[in-house]
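Colleague: One structure coming up, written as C-alpha cells, with questions to follow.
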Amino acid sequence: MTEEPQVTAGPSLFQIADRALNRPLIIHPDKASIILDVLAGRIKVSAPDLSALKPEANRFWGSHRRDDGSTSLVKAGGGVAVITIAGTLVNRGGWIGANSGLVSYEGIGAQLKDAAADQSVHTVILDLDTAGGEAGGITSVGNAIRELSKTKRVIALVNDTAASGGYWMASQASEIVVSETSIVGSIGVLVLHVNRAGELQQKGLDATFIHAGAHKVDGHSLGPLPSDVRADIQASVDALYGQFVTAVAAGRGNRLSADSARATEARVFRGQAAIDAGLADRIGTFESVLAEVQQPGRSAPGANRRNPRMSVETNTEITPEAHAAAVSAARAEGAKAERTRIASIMDGAEAKARPVAARQVALTTDMTAEAAATFLASLPAEATASQSFDQRAALNAANGFGADNGAPQPGADAAAAESAQVDAAWGKALAKVSGKA
C-alpha cells in the first residue's frame, strides 16, 4: 500500500489553523478557501525542495551592498530600493521571500525603516504579489508606508496581485501602478469559523469545556456559533472594516474616498478597470517604473512624493505652487458655473409656476438647467398665494401632498404650515428622482 505524500516544508497545519481560524483576516476569499481546504485535509501534495530559495530569488535586481561598503536589509540600485511583498501576510514569524510562503509585517516594517534611513535611496518600490492575510499588525505597517511617502517617493507596483491586506498597504503609497492583468481590491474583512462537532461525533468523541469567564470559549470550533457570539464577532469585523476604508481614504485622498471604498463591496478589479474605479493610478511594469525613477532629477531624496501630480501633456511634475494656483482657479471657475446653473434654473419659464420645486432642484441636485427644465415641465403647477385656501389644498392634494405630510388646516399659521409641508413633500419627491431616497 502506497503511503500518501505529506507536506514536509513550510508552516505546519497547526500554525495555519492558529493564524487563520476565529480571527479577523484581510485576505481574498479564494485564498481563504484554499486555507480552509488545507485544514480540512482535502489538499495533500508533496512539497518541493525550497531550501535553495532565498529572499533574493524574488527579484534579480539590485544589491544589499551599498557603494560605501555597508549592507542593508533592502535591495537598492541607482537610488531606488525594492521591497518585495510576495505571499500570505502574517504579523510575525515569516520573512520576505518564497522560502516560507509567508511575509511578515515585522519584516516589511524593518525594511521600510531601513529604506527611510538610507540617504542613498530616493524612491521605494513595493513589489506586491499578495492576496492578504492576518489583520493583526497591518495598521502599523500601513502607517509606516504612508509616513515614508511623505519624505520619499513610494510606488506600489502590483505584480500581479494586491488584494485585501495587500491593497491596504498599496493604498498608502504615493501611487499604485498595475499591469493589464493586475488584480487589486477586495477591501473587506472576514472571519473563518469551522464547526467540528460532526467530525467529533463520527469519531465517538465528546468535548467538554470547563472554564471561568462567560466568554472564555467564545468562538470555539467544537460546536456552532451562538447568535450572541456571532454578533460580537460581526461587530469586531465591522470595526476593522471601518479602519480599513478609513486607511484607504487617508492613503488615496481624493482618488478614492471611504464611501467609494465601501461601495466596491469587496469586489476585485483588474488592470484598467482598477484605474477607472480609483483603486490604481496607471499602467506600467517593473522595468518601465524602474527606468522612469532612475532618470536624473525625477525623484530627489527628501522630496514629498505624496499623491504626485503629473502634467498630461509633458508627463513631467508640476510645482506645488503651480498646482495650488490651478486648484484655486478651478474652484473659482466651479463656483461661477454653479451660480450660473442655479440662476438658469430659477429664471426658467418652467420654474415660474413651480417655484418650490425649482428651488429644490437648483439647490439639492446636480441637474443641468436643461434637465431641470424638462423635469419641472413634467410636474403640475404649484398652488399660489392668490388662490383660495380650498384651491391650494386641492392642488396640493393633486400633487401628492398631504398623504405623508398632513393636509394644511385653516388658521393664522396655515400659510407657514402649508409652505413647510410642500417643501417637505418636494424634498421627498426630488430625493427619489436624484437617487438619494
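Ligands are numbered from 1 in the order shown, chains are lettered A, B, ... in the order of the C-alpha cells, and residues start at 1 in each chain.
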Which parts of segment 70-149 of chain A does DSSP call alpha helix (DSSP H) when run on the backbone here, written out as a PyMOL selection string?

Modeller: chain A and resi 105-117+138-148

Colleague: Mind checking which residues fall within 12 Å of Gly185 of chain A, counting only C-alpha atoms, ignoring those fewer than 3 positions away in the same chain, and posting them as a PyMOL selection string?

Modeller: chain A and resi 26-29+130-132+158+161-171+176+178+182+188-189+244-245+248+256+260-271+273-275+277-280

Colleague: Quick one, how far is atom CA of Val90 of chain A from atom CA of Gly284 of chain A?

Modeller: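 Separation between atom CA of Val90 of chain A and atom CA of Gly284 of chain A: 27.9 Å.
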
Colleague: At a cut-off of 6 Å, using only C-alpha atoms, what residues contact segment 351-355 of chain A? Leave out same-chain residues fewer than 4 positions from it and give the result as a count of residues only.

Modeller: 3

Colleague: Hey, can you check how far atom CA of Leu148 of chain A sits from atom CA of Ala117 of chain A?

Modeller: 10.0 Å

Colleague: For each of A:Gln201, A:Gln295, A:Asn91, A:Ser186, take the minimum atom-to-atom distance to Glu134 of chain A, counting only C-alpha atoms, then give the residue where this is smallest.

Modeller: A:Asn91

Colleague: So, counting only C-alpha atoms, which residue among A:Glu350, A:Asp206, A:Glu180, A:Glu106 is closest to Arg282 of chain A?

Modeller: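 Going through A:Glu350, A:Asp206, A:Glu180, A:Glu106 one by one, the smallest distance to Arg282 of chain A is for A:Glu180.
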
Colleague: Do a neighbour search on Ala247 of chain A at 9 Å with only C-alpha atoms, toss out local chain neighbours closer than 2 positions, and write the hits as a list in words.

Modeller: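 My reading of the contact set: Thr139, Gly142, Asn143, Trp168, Ser171, Gln172, Gly242, Gln243, Phe244, Val245, Ala249, Ala250, Gly251, Arg252 and Ala258 of chain A.
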
Colleague: For C-alpha atoms, I'd like the residues from the last selection saved as a CSV table (one decimal), in the first residue's frame.

Modeller:
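Saved the output as out.csv:
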chain,number,residue,atom,x,y,z
A,139,THR,CA,-2.2,49.2,10.7
A,142,GLY,CA,0.3,50.8,6.6
A,143,ASN,CA,1.1,53.8,8.7
A,168,TRP,CA,-4.3,48.2,2.4
A,171,SER,CA,-3.1,52.3,-0.9
A,172,GLN,CA,-0.7,54.0,1.5
A,242,GLY,CA,-14.2,50.8,9.2
A,243,GLN,CA,-10.5,51.1,9.9
A,244,PHE,CA,-9.7,49.6,6.5
A,245,VAL,CA,-11.8,52.0,4.4
A,249,ALA,CA,-9.1,57.1,2.1
A,250,ALA,CA,-6.2,58.5,4.0
A,251,GLY,CA,-3.8,57.0,1.6
A,252,ARG,CA,-5.7,57.6,-1.7
A,258,ALA,CA,-14.0,55.9,2.3

Colleague: Could you tell me how far atom CA of Phe375 of chain A sits from atom CA of Arg341 of chain A, in Å to one decimal place?

Modeller: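 Interatomic distance, atom CA of Arg341 of chain A to atom CA of Phe375 of chain A: 14.9 Å.
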
Colleague: Nearest residue to Thr285 of chain A out of A:Ala335, A:Ala371, A:Val194, A:Leu157, using only C-alpha atoms?

Modeller: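 Using only C-alpha atoms, Thr285 of chain A sits closest to A:Leu157.
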